[in-house]
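Source file run-v9.txt; content: compact mmCIF, C-alpha atoms.
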# COMPACT_ATOMS: atom_id res chain seq x y z
CA MET A 1 -35.07 -3.98 -5.43
CA GLN A 2 -32.22 -2.29 -3.61
CA ALA A 3 -30.08 -2.36 -6.75
CA ARG A 4 -32.86 -0.71 -8.76
CA LYS A 5 -33.30 1.99 -6.13
CA GLY A 6 -29.54 2.60 -6.08
CA LEU A 7 -29.48 2.93 -9.86
CA GLN A 8 -32.37 5.38 -9.75
CA ASP A 9 -30.50 7.49 -7.18
CA ILE A 10 -27.43 7.59 -9.42
CA VAL A 11 -29.50 8.63 -12.44
CA ARG A 12 -31.24 11.31 -10.38
CA ASP A 13 -27.96 12.76 -9.08
CA TYR A 14 -25.88 12.14 -12.20
CA GLN A 15 -24.46 15.69 -12.14
CA LEU A 16 -22.91 15.06 -8.73
CA TRP A 17 -21.49 11.72 -9.84
CA ILE A 18 -19.90 13.39 -12.87
CA MET A 19 -18.28 15.95 -10.57
CA ILE A 20 -16.66 13.31 -8.38
CA LEU A 21 -15.81 10.98 -11.29
CA PRO A 22 -12.18 12.27 -11.61
CA ALA A 23 -11.58 11.57 -7.91
CA ILE A 24 -13.06 8.09 -8.26
CA ILE A 25 -10.80 7.36 -11.24
CA VAL A 26 -7.69 8.58 -9.39
CA ILE A 27 -8.50 6.44 -6.33
CA LEU A 28 -9.21 3.44 -8.55
CA ILE A 29 -5.92 3.76 -10.45
CA PHE A 30 -3.59 4.59 -7.57
CA ASN A 31 -5.26 2.77 -4.65
CA TYR A 32 -7.26 -0.21 -5.83
CA ILE A 33 -5.50 -1.47 -8.96
CA PRO A 34 -2.09 -1.65 -7.18
CA MET A 35 -3.70 -3.97 -4.61
CA TYR A 36 -3.22 -6.65 -7.26
CA GLY A 37 0.40 -6.73 -6.10
CA ILE A 38 -0.59 -7.90 -2.60
CA GLN A 39 -0.08 -11.45 -3.81
CA LEU A 40 3.68 -10.79 -3.69
CA ALA A 41 3.38 -11.34 0.06
CA PHE A 42 2.38 -14.96 -0.62
CA ARG A 43 4.81 -15.79 -3.46
CA ASP A 44 8.51 -16.00 -4.19
CA TYR A 45 8.91 -13.00 -6.44
CA ASP A 46 10.71 -13.81 -9.68
CA PHE A 47 11.68 -10.99 -12.04
CA SER A 48 11.47 -13.26 -15.07
CA LYS A 49 7.97 -14.60 -14.24
CA GLY A 50 6.20 -11.43 -13.13
CA LEU A 51 3.79 -10.95 -10.24
CA THR A 52 1.95 -14.25 -10.65
CA GLY A 53 4.80 -16.50 -11.75
CA GLY A 54 6.58 -17.16 -8.48
CA THR A 55 6.22 -20.20 -6.26
CA TRP A 56 3.29 -20.01 -3.85
CA ARG A 57 4.58 -19.76 -0.27
CA GLY A 58 1.40 -19.02 1.67
CA LEU A 59 2.06 -17.41 5.05
CA ALA A 60 5.76 -18.30 5.10
CA TYR A 61 6.97 -14.70 4.86
CA PHE A 62 4.60 -13.56 7.60
CA GLN A 63 5.98 -16.30 9.81
CA GLN A 64 9.53 -15.30 8.91
CA PHE A 65 8.87 -11.72 9.99
CA ILE A 66 7.16 -12.71 13.25
CA ASP A 67 9.97 -15.12 14.12
CA SER A 68 12.65 -12.54 13.33
CA TYR A 69 14.68 -11.22 16.26
CA LEU A 70 13.89 -7.69 15.01
CA PHE A 71 10.12 -8.17 15.25
CA THR A 72 9.71 -7.09 18.88
CA GLY A 73 11.93 -4.03 18.51
CA LEU A 74 10.25 -2.90 15.29
CA MET A 75 6.76 -3.23 16.74
CA ARG A 76 7.79 -1.48 19.96
CA ASN A 77 9.47 1.44 18.19
CA THR A 78 6.64 1.90 15.69
CA PHE A 79 3.98 1.73 18.38
CA LEU A 80 5.78 4.08 20.78
CA ILE A 81 6.39 6.75 18.13
CA SER A 82 2.81 6.53 16.86
CA LEU A 83 1.36 6.53 20.37
CA ALA A 84 3.45 9.54 21.40
CA SER A 85 2.39 11.36 18.23
CA ILE A 86 -1.29 10.69 19.00
CA VAL A 87 -1.14 11.45 22.74
CA LEU A 88 0.74 14.73 22.27
CA GLY A 89 -0.05 15.65 18.69
CA PHE A 90 -3.77 14.91 18.51
CA PRO A 91 -4.93 17.38 21.23
CA ALA A 92 -2.58 20.17 20.05
CA PRO A 93 -4.64 21.32 17.02
CA ILE A 94 -7.79 21.24 19.16
CA VAL A 95 -6.24 23.51 21.78
CA LEU A 96 -4.83 25.80 19.10
CA ALA A 97 -8.20 26.06 17.34
CA LEU A 98 -9.93 26.95 20.60
CA ILE A 99 -7.32 29.64 21.29
CA LEU A 100 -7.50 31.11 17.79
CA ASN A 101 -11.28 31.14 17.97
CA GLN A 102 -11.08 33.42 21.01
CA ILE A 103 -9.21 36.12 19.09
CA ARG A 104 -11.81 38.75 18.18
CA ARG A 105 -9.65 41.17 16.19
CA LYS A 106 -9.88 39.96 12.61
CA LYS A 107 -6.45 41.11 11.44
CA MET A 108 -4.71 39.69 14.50
CA LYS A 109 -6.50 36.37 14.01
CA GLN A 110 -5.50 36.23 10.35
CA LEU A 111 -1.89 37.01 11.24
CA MET A 112 -1.80 34.27 13.88
CA GLN A 113 -3.38 31.75 11.53
CA THR A 114 -0.90 32.53 8.76
CA THR A 115 2.00 32.25 11.20
CA VAL A 116 1.00 28.81 12.51
CA TYR A 117 0.11 27.50 9.03
CA LEU A 118 3.46 28.32 7.40
CA PRO A 119 5.58 25.49 8.94
CA HIS A 120 3.31 22.96 7.25
CA PHE A 121 4.72 23.97 3.85
CA ILE A 122 8.33 23.29 4.86
CA SER A 123 9.56 20.13 3.17
CA VAL A 124 10.64 17.21 5.32
CA ILE A 125 14.23 17.45 4.05
CA VAL A 126 14.45 21.13 4.99
CA LEU A 127 12.89 20.45 8.39
CA VAL A 128 15.39 17.71 9.24
CA GLY A 129 18.18 19.99 8.02
CA MET A 130 16.92 22.68 10.40
CA LEU A 131 16.90 20.16 13.25
CA ASN A 132 20.48 19.15 12.48
CA VAL A 133 21.58 22.78 12.51
CA LEU A 134 19.64 23.88 15.58
CA LEU A 135 20.32 20.77 17.69
CA SER A 136 24.00 20.42 16.84
CA PRO A 137 25.90 20.05 20.15
CA GLU A 138 28.80 22.10 18.84
CA THR A 139 27.30 24.87 16.69
CA GLY A 140 23.53 24.72 17.20
CA VAL A 141 21.52 27.28 19.16
CA VAL A 142 19.94 24.59 21.31
CA GLY A 143 23.31 22.92 21.80
CA HIS A 144 24.85 26.18 23.04
CA LEU A 145 21.86 26.74 25.34
CA LEU A 146 22.18 23.29 26.92
CA ASN A 147 25.91 23.79 27.32
CA SER A 148 25.39 27.18 29.00
CA LEU A 149 23.00 25.54 31.45
CA GLY A 150 25.75 23.16 32.47
CA LEU A 151 24.31 20.11 30.75
CA GLY A 152 27.30 19.63 28.49
CA HIS A 153 27.37 18.87 24.76
CA ILE A 154 24.23 16.77 24.30
CA ASN A 155 23.47 15.46 20.83
CA LEU A 156 19.67 15.27 20.93
CA LEU A 157 19.43 13.57 17.54
CA ALA A 158 21.92 10.86 18.48
CA SER A 159 20.45 9.98 21.88
CA THR A 160 18.02 7.08 22.19
CA SER A 161 16.23 8.88 25.04
CA THR A 162 15.56 12.11 23.13
CA PHE A 163 14.88 10.91 19.58
CA ILE A 164 11.14 10.34 20.09
CA PRO A 165 10.55 13.70 21.89
CA VAL A 166 12.43 15.56 19.14
CA TYR A 167 10.48 13.75 16.42
CA VAL A 168 7.08 14.30 18.04
CA LEU A 169 7.59 17.93 19.10
CA SER A 170 8.97 18.96 15.72
CA ASP A 171 6.02 17.22 14.06
CA ILE A 172 3.58 19.13 16.27
CA TRP A 173 5.31 22.40 15.46
CA GLN A 174 5.13 21.71 11.73
CA HIS A 175 1.57 20.41 11.40
CA CYS A 176 -0.38 21.67 14.42
CA GLY A 177 -1.52 24.88 12.73
CA TRP A 178 -2.57 23.20 9.51
CA ASN A 179 -4.45 20.43 11.35
CA SER A 180 -6.38 23.03 13.34
CA ILE A 181 -8.16 24.24 10.17
CA ILE A 182 -10.81 21.53 10.32
CA TYR A 183 -11.55 22.37 13.97
CA LEU A 184 -11.80 26.08 13.16
CA ALA A 185 -14.25 25.16 10.39
CA ALA A 186 -16.34 23.23 12.91
CA LEU A 187 -16.26 26.19 15.33
CA SER A 188 -17.44 28.52 12.56
CA THR A 189 -20.74 26.61 12.47
CA VAL A 190 -21.58 27.43 16.10
CA ASP A 191 -24.69 29.61 16.36
CA PRO A 192 -23.60 33.15 17.42
CA GLN A 193 -26.68 33.28 19.62
CA LEU A 194 -25.08 30.72 21.88
CA TYR A 195 -22.19 33.10 22.54
CA ASP A 196 -24.64 35.93 23.21
CA ALA A 197 -26.60 33.76 25.61
CA ALA A 198 -23.43 32.70 27.41
CA LYS A 199 -22.35 36.32 27.72
CA ILE A 200 -25.74 37.36 29.11
CA ASP A 201 -25.58 34.53 31.64
CA GLY A 202 -22.21 35.82 32.82
CA ALA A 203 -20.13 32.94 31.49
CA SER A 204 -16.39 33.46 31.59
CA ARG A 205 -14.20 32.81 28.56
CA TRP A 206 -13.19 29.42 29.95
CA GLN A 207 -16.85 28.49 30.55
CA THR A 208 -17.72 29.57 27.01
CA ILE A 209 -15.00 27.29 25.65
CA ARG A 210 -16.11 24.42 27.88
CA TYR A 211 -19.86 24.58 27.33
CA VAL A 212 -20.18 26.09 23.84
CA ASP A 213 -17.03 25.58 21.77
CA PHE A 214 -15.87 22.15 22.92
CA PRO A 215 -19.26 20.37 22.53
CA ALA A 216 -19.36 21.65 18.94
CA LEU A 217 -16.00 19.96 18.28
CA VAL A 218 -16.82 16.57 19.82
CA PRO A 219 -18.19 14.87 16.63
CA THR A 220 -15.20 16.09 14.60
CA ILE A 221 -12.78 15.00 17.32
CA ILE A 222 -14.29 11.51 17.42
CA ILE A 223 -14.11 11.01 13.65
CA LEU A 224 -10.52 12.25 13.41
CA PHE A 225 -9.48 10.15 16.41
CA ILE A 226 -10.92 7.04 14.78
CA LEU A 227 -8.94 7.83 11.62
CA SER A 228 -5.77 8.41 13.65
CA MET A 229 -6.17 5.02 15.32
CA GLY A 230 -6.24 3.51 11.85
CA ASN A 231 -2.65 4.74 11.46
CA ILE A 232 -1.39 3.54 14.83
CA LEU A 233 1.42 1.54 13.18
CA SER A 234 2.01 3.94 10.30
CA THR A 235 4.80 6.40 10.95
CA GLY A 236 6.15 8.85 8.42
CA PHE A 237 8.95 7.13 6.51
CA GLU A 238 10.77 10.17 5.12
CA LYS A 239 11.28 12.07 8.36
CA ILE A 240 12.30 9.08 10.46
CA PHE A 241 14.63 7.81 7.74
CA LEU A 242 16.33 11.19 7.44
CA MET A 243 16.67 11.51 11.22
CA GLN A 244 18.18 8.04 11.59
CA ASN A 245 21.81 7.51 12.45
CA ALA A 246 23.87 4.69 13.91
CA LEU A 247 23.43 5.97 17.47
CA ASN A 248 19.64 6.35 17.56
CA LEU A 249 18.87 3.29 15.42
CA PRO A 250 17.72 1.15 18.41
CA VAL A 251 14.68 3.45 18.82
CA SER A 252 14.32 4.89 15.30
CA GLU A 253 14.10 1.67 13.28
CA VAL A 254 10.39 1.27 12.50
CA ILE A 255 8.38 -0.92 10.16
CA ALA A 256 8.38 1.68 7.36
CA THR A 257 12.16 2.07 7.28
CA TYR A 258 12.71 -1.67 7.69
CA VAL A 259 10.43 -2.41 4.73
CA TYR A 260 12.47 0.02 2.62
CA LYS A 261 15.75 -1.61 3.61
CA ILE A 262 14.44 -5.12 3.09
CA GLY A 263 12.50 -4.48 -0.11
CA ILE A 264 14.45 -1.82 -2.01
CA VAL A 265 17.97 -2.17 -0.65
CA SER A 266 18.06 -5.95 -0.17
CA ASN A 267 15.68 -6.85 -3.02
CA GLN A 268 13.53 -9.08 -0.78
CA PHE A 269 10.27 -7.90 -2.33
CA SER A 270 8.08 -10.73 -1.10
CA LEU A 271 9.17 -10.33 2.52
CA ALA A 272 8.74 -6.56 2.32
CA SER A 273 5.23 -7.00 0.88
CA ALA A 274 4.32 -9.40 3.68
CA ILE A 275 5.54 -6.95 6.33
CA GLY A 276 3.65 -4.07 4.73
CA LEU A 277 0.45 -6.14 4.50
CA PHE A 278 0.85 -7.24 8.13
CA ASN A 279 1.16 -3.59 9.13
CA THR A 280 -1.96 -2.66 7.17
CA LEU A 281 -4.00 -5.46 8.74
CA ILE A 282 -3.05 -4.36 12.26
CA ASN A 283 -4.06 -0.79 11.41
CA PHE A 284 -7.38 -2.02 10.06
CA VAL A 285 -8.07 -3.96 13.27
CA PHE A 286 -7.41 -0.84 15.36
CA LEU A 287 -9.61 1.25 13.05
CA TYR A 288 -12.50 -1.22 13.16
CA ALA A 289 -12.27 -1.68 16.93
CA MET A 290 -12.18 2.07 17.63
CA ASN A 291 -15.06 2.66 15.23
CA ALA A 292 -17.14 -0.02 17.00
CA ILE A 293 -16.36 1.44 20.44
CA SER A 294 -17.22 4.96 19.30
CA LYS A 295 -20.45 3.82 17.65
CA LYS A 296 -21.57 2.08 20.83
CA ALA A 297 -20.50 4.84 23.23
CA SER A 298 -21.40 8.03 21.34
CA GLN A 299 -23.42 6.98 18.25
CA THR A 300 -20.74 8.63 16.10
CA SER A 301 -18.75 6.48 13.69
CA LEU A 302 -17.33 6.19 10.20
CA PHE A 303 -19.44 3.19 9.23

Please, can you express the file's structure as structure tokens?
Amino acid sequence: MQARKGLQDIVRDYQLWIMILPAIIVILIFNYIPMYGIQLAFRDYDFSKGLTGGTWRGLAYFQQFIDSYLFTGLMRNTFLISLASIVLGFPAPIVLALILNQIRRKKMKQLMQTTVYLPHFISVIVLVGMLNVLLSPETGVVGHLLNSLGLGHINLLASTSTFIPVYVLSDIWQHCGWNSIIYLAALSTVDPQLYDAAKIDGASRWQTIRYVDFPALVPTIIILFILSMGNILSTGFEKIFLMQNALNLPVSEVIATYVYKIGIVSNQFSLASAIGLFNTLINFVFLYAMNAISKKASQTSLF
């Protein structure tokens, strides 16, 4: 009965299904079909025998990764970088959206939005190059500033204590403006009468933000926070890899870079697949748990 009803709904809305068909095909080809290769995590990969020809090893590669002396450090580094990115980076677009929404002059608002959106379009390679130039202890602007303050020649990219702050703050600078778009879209749906009522009641700008703007953002904030928790162990490979050097490696070696070195550089494809699958499973657990908590506490969830 349910299947018949579902089929009737598809026939009724066939125009909409045709519109989203290209997206469905792309997701199927690039996201679902490659999942066939997950079995590499449970086999000894053999070039001559293909994906299904290797010896079945079960959970041996998962056990090898967990027993590795690098396991604790990789998990700690990945978790710390992701946690710092969420704690500092997640609220930043919200605050920026609330500030931009308070700008009443249309041209000034458009100028500010354009200014904060532009860093998003800088490539990762260019961004890391900018960091190397600006933070150079000998020739960089920041290096000269620190030296003039009597702190000496500090190499911020080579220090284990400053790598994470540099990574997170530069990431906020690059993506904060772009990520605020969805919050500005949510604020645009607020009934203007609410602002008029708040003004008549004598509400200050801060009170308007607190009692009108912020409640309108809460559902969007919850959904995006759930999605961010699903990436708690997923850090950007390109940026971290480019920022890595021999001095900051104790804090910059994360699961993504380790998988690259094990899988591509060392040709240990089965072990790399097992590590990647392990990472995905942990992310899924966090996503499911956060979704369940949100659904119980606020009745807002993904599923």

For Ile255 of chain A, the nearest of the candidates A:Ala185, A:Leu224, A:Ile275, A:Leu40, counting all atoms listed in the file: A:Ile275

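Distance annotation: of A:Leu127, A:Ala41, A:Leu70, A:Ala84, the residue with the minimal separation from Thr55 of chain A is A:Ala41; atom set is all atoms listed in the file.
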
Neighbour residues at most 12 Å from (10.4, 14.6, 13.4) (all atoms listed in the file) as a PyMOL selection string: chain A and resi 81-82+84-85+89+123-132+156-157+162-175+235-244+252

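Among the candidate residues A:Val11, A:Leu135, A:Ala198, A:Ile232, the one lying nearest to Phe79 of chain A is A:Ile232, with distances computed using only C-alpha atoms.
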
Spatial neighbours of segment 282-299 of chain A, 10 Å, only C-alpha atoms, chain gap at least 3 places, as an MDAnalysis selection string: chainID A and resid 218:219 222:223 225:234 277:279 302:303

Selection export as a PDB file, in the coordinates of the input, atoms kept: C-alpha atoms:
ATOM      1  CA  VAL A 218     -16.820  16.570  19.820  1.00  0.00           C
ATOM      2  CA  PRO A 219     -18.190  14.870  16.630  1.00  0.00           C
ATOM      3  CA  ILE A 222     -14.290  11.510  17.420  1.00  0.00           C
ATOM      4  CA  ILE A 223     -14.110  11.010  13.650  1.00  0.00           C
ATOM      5  CA  PHE A 225      -9.480  10.150  16.410  1.00  0.00           C
ATOM      6  CA  ILE A 226     -10.920   7.040  14.780  1.00  0.00           C
ATOM      7  CA  LEU A 227      -8.940   7.830  11.620  1.00  0.00           C
ATOM      8  CA  SER A 228      -5.770   8.410  13.650  1.00  0.00           C
ATOM      9  CA  MET A 229      -6.170   5.020  15.320  1.00  0.00           C
ATOM     10  CA  GLY A 230      -6.240   3.510  11.850  1.00  0.00           C
ATOM     11  CA  ASN A 231      -2.650   4.740  11.460  1.00  0.00           C
ATOM     12  CA  ILE A 232      -1.390   3.540  14.830  1.00  0.00           C
ATOM     13  CA  LEU A 233       1.420   1.540  13.180  1.00  0.00           C
ATOM     14  CA  SER A 234       2.010   3.940  10.300  1.00  0.00           C
ATOM     15  CA  LEU A 277       0.450  -6.140   4.500  1.00  0.00           C
ATOM     16  CA  PHE A 278       0.850  -7.240   8.130  1.00  0.00           C
ATOM     17  CA  ASN A 279       1.160  -3.590   9.130  1.00  0.00           C
ATOM     18  CA  LEU A 302     -17.330   6.190  10.200  1.00  0.00           C
ATOM     19  CA  PHE A 303     -19.440   3.190   9.230  1.00  0.00           C
TER      20      PHE A 303
END

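Distance-wise, atom CA of Leu118 of chain A and atom CA of Cys176 of chain A end up 10.4 Å apart.
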
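Candidate residues A:Gly150, A:Leu271, A:Ser204, A:Lys261 were compared for distance to Asp44 of chain A, and the nearest is A:Leu271, using all atoms listed in the file.
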
Selection: 8 Å around segment 139-145 of chain A, all atoms listed in the file, excl. self and same-chain fewer than 5 positions, as a PyMOL selection string: chain A and resi 132-134+153-155

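In this structure, atom CA of Ile209 of chain A sits 7.2 Å away from atom CA of Leu98 of chain A.
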
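Checking A:Pro22, A:Pro93, A:Gly54, A:Gly202 one by one against Ile181 of chain A, counting only C-alpha atoms, you find the shortest gap at A:Pro93.
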
Pick from A:Val254, A:Phe269, A:Phe30, A:Ile25 nearest to Thr72 of chain A, counting all atoms listed in the file: A:Val254

Separation of atom CA of Phe71 of chain A from atom CA of Ser159 of chain A in Å: 21.9 Å

Using all atoms of segment 174-192 of chain A that appear in the file, construct an axis-aligned enclosing box with 5 Å of padding on every side and provide its centre coordinates and edge lengths in Å, rounded to one decimal, as AutoDock Vina command-line options.
--center_x -9.8 --center_y 26.8 --center_z 13.5 --size_x 39.8 --size_y 22.7 --size_z 17.9

Incomplete segment 19-30 of chain A brought to all heavy atoms, written out as a tab-separated table (two decimals), keeping the file's coordinate frame:
chain	number	residue	atom	x	y	z
A	19	MET	N	-19.23	15.07	-11.24
A	19	MET	CA	-18.28	15.95	-10.57
A	19	MET	C	-17.21	15.17	-9.81
A	19	MET	O	-16.04	15.55	-9.78
A	19	MET	CB	-19.02	16.91	-9.63
A	19	MET	CG	-19.84	17.98	-10.34
A	19	MET	SD	-20.74	19.02	-9.17
A	19	MET	CE	-19.36	19.75	-8.27
A	20	ILE	N	-17.63	14.07	-9.18
A	20	ILE	CA	-16.66	13.31	-8.38
A	20	ILE	C	-16.01	12.18	-9.18
A	20	ILE	O	-15.15	11.46	-8.64
A	20	ILE	CB	-17.33	12.72	-7.11
A	20	ILE	CG1	-18.38	11.65	-7.49
A	20	ILE	CG2	-17.93	13.81	-6.26
A	20	ILE	CD1	-18.92	10.90	-6.29
A	21	LEU	N	-16.38	12.05	-10.46
A	21	LEU	CA	-15.81	10.98	-11.29
A	21	LEU	C	-14.28	11.04	-11.38
A	21	LEU	O	-13.62	10.00	-11.26
A	21	LEU	CB	-16.42	11.01	-12.69
A	21	LEU	CG	-15.97	9.92	-13.65
A	21	LEU	CD1	-16.31	8.54	-13.08
A	21	LEU	CD2	-16.61	10.11	-15.02
A	22	PRO	N	-13.65	12.23	-11.58
A	22	PRO	CA	-12.18	12.27	-11.61
A	22	PRO	C	-11.54	11.73	-10.33
A	22	PRO	O	-10.54	11.00	-10.38
A	22	PRO	CB	-11.87	13.76	-11.81
A	22	PRO	CG	-13.08	14.30	-12.49
A	22	PRO	CD	-14.24	13.55	-11.90
A	23	ALA	N	-12.13	12.07	-9.18
A	23	ALA	CA	-11.58	11.57	-7.91
A	23	ALA	C	-11.72	10.05	-7.81
A	23	ALA	O	-10.81	9.36	-7.35
A	23	ALA	CB	-12.29	12.25	-6.73
A	24	ILE	N	-12.85	9.54	-8.28
A	24	ILE	CA	-13.06	8.09	-8.26
A	24	ILE	C	-12.04	7.39	-9.15
A	24	ILE	O	-11.48	6.35	-8.77
A	24	ILE	CB	-14.50	7.76	-8.72
A	24	ILE	CG1	-15.52	8.29	-7.71
A	24	ILE	CG2	-14.66	6.25	-8.90
A	24	ILE	CD1	-16.96	8.10	-8.16
A	25	ILE	N	-11.77	7.96	-10.32
A	25	ILE	CA	-10.80	7.36	-11.24
A	25	ILE	C	-9.40	7.36	-10.64
A	25	ILE	O	-8.67	6.36	-10.72
A	25	ILE	CB	-10.81	8.11	-12.58
A	25	ILE	CG1	-12.15	7.91	-13.29
A	25	ILE	CG2	-9.66	7.65	-13.47
A	25	ILE	CD1	-12.32	8.71	-14.56
A	26	VAL	N	-9.01	8.47	-10.01
A	26	VAL	CA	-7.69	8.58	-9.39
A	26	VAL	C	-7.54	7.53	-8.28
A	26	VAL	O	-6.52	6.83	-8.19
A	26	VAL	CB	-7.45	9.99	-8.84
A	26	VAL	CG1	-6.21	10.03	-7.96
A	26	VAL	CG2	-7.31	10.99	-9.98
A	27	ILE	N	-8.55	7.43	-7.42
A	27	ILE	CA	-8.50	6.44	-6.33
A	27	ILE	C	-8.44	5.03	-6.89
A	27	ILE	O	-7.69	4.18	-6.38
A	27	ILE	CB	-9.73	6.62	-5.41
A	27	ILE	CG1	-9.64	7.96	-4.67
A	27	ILE	CG2	-9.82	5.47	-4.42
A	27	ILE	CD1	-10.86	8.27	-3.84
A	28	LEU	N	-9.20	4.77	-7.94
A	28	LEU	CA	-9.21	3.44	-8.55
A	28	LEU	C	-7.84	3.08	-9.11
A	28	LEU	O	-7.33	1.96	-8.88
A	28	LEU	CB	-10.26	3.39	-9.66
A	28	LEU	CG	-10.39	2.06	-10.41
A	28	LEU	CD1	-10.90	0.98	-9.47
A	28	LEU	CD2	-11.33	2.20	-11.61
A	29	ILE	N	-7.21	4.03	-9.80
A	29	ILE	CA	-5.92	3.76	-10.45
A	29	ILE	C	-4.79	3.63	-9.44
A	29	ILE	O	-3.96	2.71	-9.53
A	29	ILE	CB	-5.60	4.87	-11.47
A	29	ILE	CG1	-6.60	4.83	-12.63
A	29	ILE	CG2	-4.17	4.72	-12.00
A	29	ILE	CD1	-6.42	5.96	-13.62
A	30	PHE	N	-4.75	4.53	-8.47
A	30	PHE	CA	-3.59	4.59	-7.57
A	30	PHE	C	-3.79	3.86	-6.25
A	30	PHE	O	-2.82	3.67	-5.51
A	30	PHE	CB	-3.22	6.05	-7.29
A	30	PHE	CG	-2.71	6.78	-8.50
A	30	PHE	CD1	-3.53	7.64	-9.21
A	30	PHE	CD2	-1.41	6.59	-8.94
A	30	PHE	CE1	-3.06	8.32	-10.32
A	30	PHE	CE2	-0.94	7.25	-10.05
A	30	PHE	CZ	-1.76	8.11	-10.75
